[in-house]
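The next block is input-v2.csv, given as CSV, C-alpha atoms.
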chain,number,residue,atom,x,y,z
A,106,MET,CA,18.8,-19.1,-1.8
A,107,THR,CA,16.3,-22.0,-1.5
A,108,LYS,CA,13.7,-22.9,-4.1
A,109,ARG,CA,11.1,-21.7,-1.6
A,110,ASP,CA,12.7,-18.2,-1.5
A,111,THR,CA,12.5,-17.7,-5.3
A,112,PRO,CA,8.8,-16.8,-5.5
A,113,VAL,CA,9.1,-14.1,-2.9
A,114,LEU,CA,12.2,-12.7,-4.7
A,115,LEU,CA,10.3,-12.6,-7.9
A,116,ILE,CA,7.3,-10.9,-6.3
A,117,THR,CA,9.3,-8.2,-4.6
A,118,THR,CA,11.4,-7.6,-7.8
A,119,ALA,CA,8.3,-7.3,-9.9
A,120,GLU,CA,6.6,-5.0,-7.4
A,121,ASP,CA,9.7,-2.7,-7.6
A,122,LEU,CA,9.9,-2.7,-11.4
A,123,TYR,CA,6.1,-2.3,-11.9
A,124,GLY,CA,6.1,0.5,-9.4
A,125,ARG,CA,9.0,2.4,-11.0
A,126,HIS,CA,8.3,1.8,-14.7
A,127,GLY,CA,4.7,0.8,-15.0
A,128,ILE,CA,3.1,-2.7,-15.4
A,129,ASP,CA,2.9,-2.6,-19.2
A,130,ALA,CA,6.5,-1.5,-19.6
A,131,VAL,CA,8.1,-4.5,-17.9
A,132,SER,CA,8.3,-8.0,-19.3
A,133,LEU,CA,8.5,-11.2,-17.4
A,134,ARG,CA,11.9,-11.8,-18.8
A,135,GLN,CA,13.1,-8.5,-17.4
A,136,ILE,CA,11.8,-9.4,-14.0
A,137,ALA,CA,13.7,-12.7,-14.1
A,138,GLU,CA,16.9,-10.9,-15.1
A,139,ALA,CA,16.5,-8.2,-12.4
A,140,ALA,CA,16.0,-11.0,-9.8
A,141,GLY,CA,19.3,-12.6,-10.9
A,142,GLN,CA,17.7,-15.7,-12.3
A,143,ARG,CA,19.4,-17.7,-15.0
A,144,ASN,CA,16.2,-19.2,-16.3
A,145,PRO,CA,14.4,-16.5,-18.4
A,146,ALA,CA,11.1,-18.4,-17.9
A,147,VAL,CA,11.3,-18.7,-14.1
A,148,VAL,CA,8.4,-16.3,-13.6
A,149,GLN,CA,6.1,-18.4,-15.9
A,150,TYR,CA,7.3,-21.5,-13.9
A,151,HIS,CA,6.1,-20.0,-10.6
A,152,PHE,CA,3.2,-17.8,-11.6
A,153,SER,CA,2.2,-18.9,-15.2
A,154,THR,CA,1.3,-15.4,-16.5
A,155,LYS,CA,1.7,-11.7,-15.7
A,156,ARG,CA,-1.8,-11.8,-14.3
A,157,GLY,CA,-0.8,-14.7,-12.0
A,158,LEU,CA,2.2,-12.6,-10.9
A,159,MET,CA,0.1,-9.5,-10.2
A,160,LYS,CA,-2.3,-11.6,-8.1
A,161,ALA,CA,0.6,-13.1,-6.2
A,162,ILE,CA,2.0,-9.6,-5.4
A,163,LEU,CA,-1.5,-8.6,-4.1
A,164,GLU,CA,-1.8,-11.7,-2.0
A,165,TYR,CA,1.7,-11.3,-0.6
A,166,ARG,CA,1.0,-7.7,0.6
A,167,THR,CA,-2.7,-7.4,1.5
A,168,ILE,CA,-3.4,-9.7,4.4
A,169,GLU,CA,-2.3,-7.2,7.1
A,170,PRO,CA,-3.7,-4.1,5.5
A,171,ASN,CA,-7.0,-5.9,4.8
A,172,ARG,CA,-7.3,-7.0,8.5
A,173,ARG,CA,-6.5,-3.5,9.7
A,174,ARG,CA,-9.0,-1.9,7.3
A,175,ASN,CA,-11.8,-4.2,8.3
A,176,GLU,CA,-11.0,-3.4,12.0
A,177,MET,CA,-11.2,0.3,11.3
A,178,LEU,CA,-14.4,-0.1,9.3
A,179,ASP,CA,-16.0,-2.1,12.1
A,180,ALA,CA,-15.1,0.6,14.6
A,181,LEU,CA,-16.7,3.3,12.3
A,182,GLY,CA,-19.8,1.2,12.0
A,183,ALA,CA,-20.0,0.8,15.8
A,184,GLU,CA,-19.8,4.6,16.1
A,185,GLY,CA,-22.3,5.2,13.4
A,186,HIS,CA,-19.8,7.0,11.1
A,187,LEU,CA,-19.9,4.9,7.9
A,188,GLY,CA,-21.3,7.9,6.1
A,189,ASP,CA,-18.3,10.1,6.9
A,190,VAL,CA,-16.1,10.4,3.8
A,191,HIS,CA,-13.1,11.7,5.6
A,192,ALA,CA,-13.1,8.9,8.1
A,193,LEU,CA,-13.6,6.3,5.3
A,194,LEU,CA,-10.5,7.7,3.5
A,195,GLU,CA,-8.5,7.3,6.7
A,196,CYS,CA,-9.5,3.6,6.5
A,197,GLY,CA,-8.1,3.5,3.0
A,198,VAL,CA,-4.8,5.2,3.7
A,199,TYR,CA,-3.6,4.4,7.2
A,200,PRO,CA,-3.5,0.6,6.9
A,201,LEU,CA,-0.9,1.1,4.2
A,202,VAL,CA,0.8,4.1,5.8
A,203,GLU,CA,1.4,2.1,9.0
A,204,LEU,CA,3.5,-0.3,6.9
A,205,LEU,CA,5.8,2.3,5.3
A,206,PRO,CA,8.5,2.4,4.1
A,207,GLU,CA,8.3,-1.4,3.3
A,208,TYR,CA,5.1,-0.8,1.3
A,209,THR,CA,6.3,2.1,-0.8
A,210,ASN,CA,6.8,0.0,-4.0
A,211,PHE,CA,3.5,-1.8,-3.4
A,212,MET,CA,1.6,1.5,-3.2
A,213,ARG,CA,3.2,2.6,-6.6
A,214,PHE,CA,2.0,-0.7,-8.0
A,215,ILE,CA,-1.6,-0.6,-6.9
A,216,MET,CA,-2.1,3.0,-7.8
A,217,GLN,CA,-2.0,1.9,-11.4
A,218,ALA,CA,-5.3,0.0,-10.9
A,219,PRO,CA,-7.6,2.8,-12.2
A,220,ALA,CA,-5.7,2.7,-15.6
A,221,ASN,CA,-5.0,-1.1,-15.7
A,222,GLN,CA,-8.2,-3.1,-15.9
A,223,PRO,CA,-6.6,-6.5,-15.3
A,224,LEU,CA,-5.1,-5.3,-12.0
A,225,ALA,CA,-8.3,-3.6,-11.0
A,226,ASP,CA,-10.2,-6.9,-11.7
A,227,ILE,CA,-7.8,-8.9,-9.6
A,228,MET,CA,-8.0,-6.5,-6.7
A,229,TRP,CA,-11.8,-6.5,-6.7
A,230,ASN,CA,-11.9,-10.3,-6.8
A,231,LEU,CA,-9.4,-11.2,-4.1
A,232,ASP,CA,-10.7,-13.6,-1.5
A,233,ASP,CA,-12.0,-12.1,1.8
A,234,ASP,CA,-8.7,-12.6,3.6
A,235,HIS,CA,-7.1,-10.2,1.1
A,236,GLY,CA,-9.8,-8.0,-0.3
A,237,SER,CA,-12.9,-7.8,1.8
A,238,GLY,CA,-11.8,-4.5,3.4
A,239,GLY,CA,-11.3,-2.8,0.1
A,240,ARG,CA,-14.7,-3.9,-1.3
A,241,ARG,CA,-16.4,-2.7,1.9
A,242,LEU,CA,-14.6,0.6,1.8
A,243,ALA,CA,-15.6,1.2,-1.9
A,244,ARG,CA,-19.3,0.5,-1.2
A,245,HIS,CA,-19.4,2.7,1.8
A,246,LEU,CA,-17.7,5.6,0.0
A,247,LEU,CA,-20.1,5.3,-3.0
A,248,ASP,CA,-23.0,5.4,-0.5
A,249,ALA,CA,-21.5,8.3,1.4
A,250,MET,CA,-21.2,10.3,-1.9
A,251,GLY,CA,-24.8,9.5,-2.7
A,252,GLN,CA,-25.8,13.1,-3.5
A,253,LEU,CA,-23.7,12.9,-6.7
A,254,PRO,CA,-24.5,10.9,-9.9
A,255,LEU,CA,-23.0,7.4,-9.8
A,256,ALA,CA,-20.7,8.0,-12.8
A,257,ILE,CA,-19.1,11.0,-11.1
A,258,ARG,CA,-18.8,9.1,-7.8
A,259,VAL,CA,-16.9,6.2,-9.6
A,260,SER,CA,-14.7,8.6,-11.6
A,261,ARG,CA,-13.8,10.6,-8.5
A,262,LEU,CA,-13.0,7.6,-6.4
A,263,ARG,CA,-10.6,6.3,-9.0
A,264,ALA,CA,-8.9,9.7,-9.3
A,265,GLY,CA,-8.9,10.4,-5.6
A,266,PHE,CA,-7.3,7.1,-4.6
A,267,ARG,CA,-4.7,7.4,-7.3
A,268,LEU,CA,-3.8,10.8,-6.0
A,269,LEU,CA,-3.6,9.6,-2.4
A,270,LEU,CA,-1.5,6.6,-3.2
A,271,GLN,CA,0.8,8.6,-5.5
A,272,SER,CA,1.3,11.4,-3.0
A,273,VAL,CA,1.9,9.1,0.0
A,274,SER,CA,4.4,6.9,-1.8
A,275,SER,CA,6.2,9.9,-3.2
A,276,HIS,CA,6.4,11.5,0.2
A,277,ALA,CA,7.8,8.2,1.7
A,278,THR,CA,10.4,8.0,-1.1
A,279,GLN,CA,11.5,11.5,-0.5
A,280,GLN,CA,11.9,10.8,3.2
A,281,GLN,CA,14.0,7.8,2.4
A,282,ASP,CA,16.2,9.9,0.1
A,283,GLY,CA,16.7,12.5,2.8
A,284,VAL,CA,14.9,15.3,1.0
A,285,GLU,CA,14.8,18.4,3.2
A,286,GLY,CA,11.8,20.7,3.9
A,287,LEU,CA,9.1,18.0,3.8
A,288,LEU,CA,6.1,18.3,6.0
A,289,PRO,CA,6.0,15.8,8.9
A,290,SER,CA,4.4,12.6,7.8
A,291,GLU,CA,1.4,12.9,10.1
A,292,VAL,CA,0.7,16.4,8.8
A,293,PHE,CA,1.1,15.5,5.2
A,294,TYR,CA,-1.2,12.4,5.4
A,295,ALA,CA,-3.9,14.4,7.2
A,296,ASP,CA,-3.7,17.2,4.7
A,297,MET,CA,-3.9,14.9,1.7
A,298,ILE,CA,-7.0,13.2,3.2
A,299,ASN,CA,-8.6,16.6,3.8
A,300,ALA,CA,-7.9,17.6,0.2
A,301,VAL,CA,-9.2,14.4,-1.3
A,302,THR,CA,-12.3,14.6,0.9
A,303,ALA,CA,-13.1,18.0,-0.5
A,304,PHE,CA,-12.5,16.8,-4.1
A,305,LEU,CA,-14.8,13.8,-3.6
A,306,LEU,CA,-17.6,15.9,-2.2
A,307,ALA,CA,-17.3,19.0,-4.4
A,308,GLU,CA,-20.3,20.2,-6.4
A,309,PRO,CA,-20.0,18.9,-10.0
A,310,PRO,CA,-20.2,21.2,-12.9
A,311,ALA,CA,-23.6,21.5,-14.5
A,312,ILE,CA,-22.5,19.8,-17.7
A,313,ALA,CA,-21.3,16.8,-15.8
A,314,THR,CA,-24.7,16.4,-14.0
A,315,THR,CA,-26.5,16.7,-17.3
A,316,VAL,CA,-24.4,14.1,-19.1
A,317,ALA,CA,-24.7,11.7,-16.1
A,318,ALA,CA,-28.5,12.2,-16.1
A,319,GLU,CA,-28.7,11.5,-19.8
A,320,ALA,CA,-26.6,8.3,-19.5
A,321,ALA,CA,-28.8,7.1,-16.6
A,322,ALA,CA,-31.9,7.7,-18.6
A,323,ALA,CA,-30.5,5.9,-21.6
A,324,SER,CA,-29.6,2.9,-19.4
A,325,THR,CA,-33.1,2.9,-17.9
A,326,ALA,CA,-34.7,3.0,-21.4
A,327,LEU,CA,-32.4,0.1,-22.6
A,328,VAL,CA,-33.5,-2.1,-19.7
A,329,ALA,CA,-37.1,-1.3,-20.2
A,330,ASN,CA,-36.9,-2.3,-23.9
A,331,THR,CA,-35.2,-5.7,-23.3

Would you mind writing the file's structure down as structure tokens?
Amino acid sequence: MTKRDTPVLLITTAEDLYGRHGIDAVSLRQIAEAAGQRNPAVVQYHFSTKRGLMKAILEYRTIEPNRRRNEMLDALGAEGHLGDVHALLECGVYPLVELLPEYTNFMRFIMQAPANQPLADIMWNLDDDHGSGGRRLARHLLDAMGQLPLAIRVSRLRAGFRLLLQSVSSHATQQQDGVEGLLPSEVFYADMINAVTAFLLAEPPAIATTVAAEAAAASTALVANT
């Protein structure tokens, strides 16, 4: 293996370990060991920190999905369908699904973003070549759910995308393992997108609307008094 190959080996090893065990459960030393590296500080040498490594994983994997997602969003815009939640979710899922099974570990990795603020921050701040499609998608989805309080929209988007990514990556893993009785992939993906669309647009319980309204009023009062 050449020195140039080492960063990619570390990226793919980290992606696998983070996806299977969780980001916070895996140390940089464990990644070096799993990658067969004799230097326990090799990850720090190439990426400096865990944050640097997470950014490298994202940059390694997101150029093609980002390009495809922007392409799909442009097509939706040309058709006047940027307010269609179902179509927007397809823009979120299919650019990754098209790259399975290679992207199975990556999907397990990024589905941790709602519960891992450093990862979420890195994803949101990727440069346009890597992250512009995701930012556009999030803004369009928030707008398309405009009948709901903002806090509920944000909460549901986090939960909805985690469910989609977890379900799709699990289905891909089961296919790889030869599990019998699975729905055909195209049926499974379409069904999950339908289910999450219904979840995102469901009428919220009265108590959720009341709490969201009180929070918005408190924020407005705070701004007015500053």

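Nearest to A:Thr118 of all the residues A:Asn210, A:Asn144, A:Gln149, A:Thr302 is A:Asn210, counting all atoms listed in the file.
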
Inset, instruction - For A:Val202, please output as a list of chain:residue names all residues within 9 Å (counting all atoms listed in the file; exclusion window: fewer than 5 positions along the same chain). - result: A:Tyr208, A:Thr209, A:Val273, A:Ser274, A:Tyr294

Inset, instruction - Could you check which of A:Ser290, A:Asn171, A:Gln142, A:Ser275 is closest to A:Leu115, using all atoms listed in the file? - result: A:Gln142

Inset, instruction - Write out as a PyMOL selection string the residues lying within 8 Å of stretch 264-268 of chain A, counting all atoms listed in the file and excluding same-chain residues fewer than 2 positions away. - result: chain A and resi 216-217+219+260-262+270-272+301+304-305

Go ahead and dump the residues you just picked, C-alpha atoms, as a PDB file, in the coordinates of the input.
ATOM      1  CA  MET A 216      -2.100   3.000  -7.800  1.00  0.00           C
ATOM      2  CA  GLN A 217      -2.000   1.900 -11.400  1.00  0.00           C
ATOM      3  CA  PRO A 219      -7.600   2.800 -12.200  1.00  0.00           C
ATOM      4  CA  SER A 260     -14.700   8.600 -11.600  1.00  0.00           C
ATOM      5  CA  ARG A 261     -13.800  10.600  -8.500  1.00  0.00           C
ATOM      6  CA  LEU A 262     -13.000   7.600  -6.400  1.00  0.00           C
ATOM      7  CA  LEU A 270      -1.500   6.600  -3.200  1.00  0.00           C
ATOM      8  CA  GLN A 271       0.800   8.600  -5.500  1.00  0.00           C
ATOM      9  CA  SER A 272       1.300  11.400  -3.000  1.00  0.00           C
ATOM     10  CA  VAL A 301      -9.200  14.400  -1.300  1.00  0.00           C
ATOM     11  CA  PHE A 304     -12.500  16.800  -4.100  1.00  0.00           C
ATOM     12  CA  LEU A 305     -14.800  13.800  -3.600  1.00  0.00           C
TER      13      LEU A 305
END

Legend entry - Spatial neighbours of A:Glu164, 10 Å, all atoms listed in the file, chain gap at least 5 places, as a PyMOL selection string: chain A and resi 158-159+228+231-232+234-236
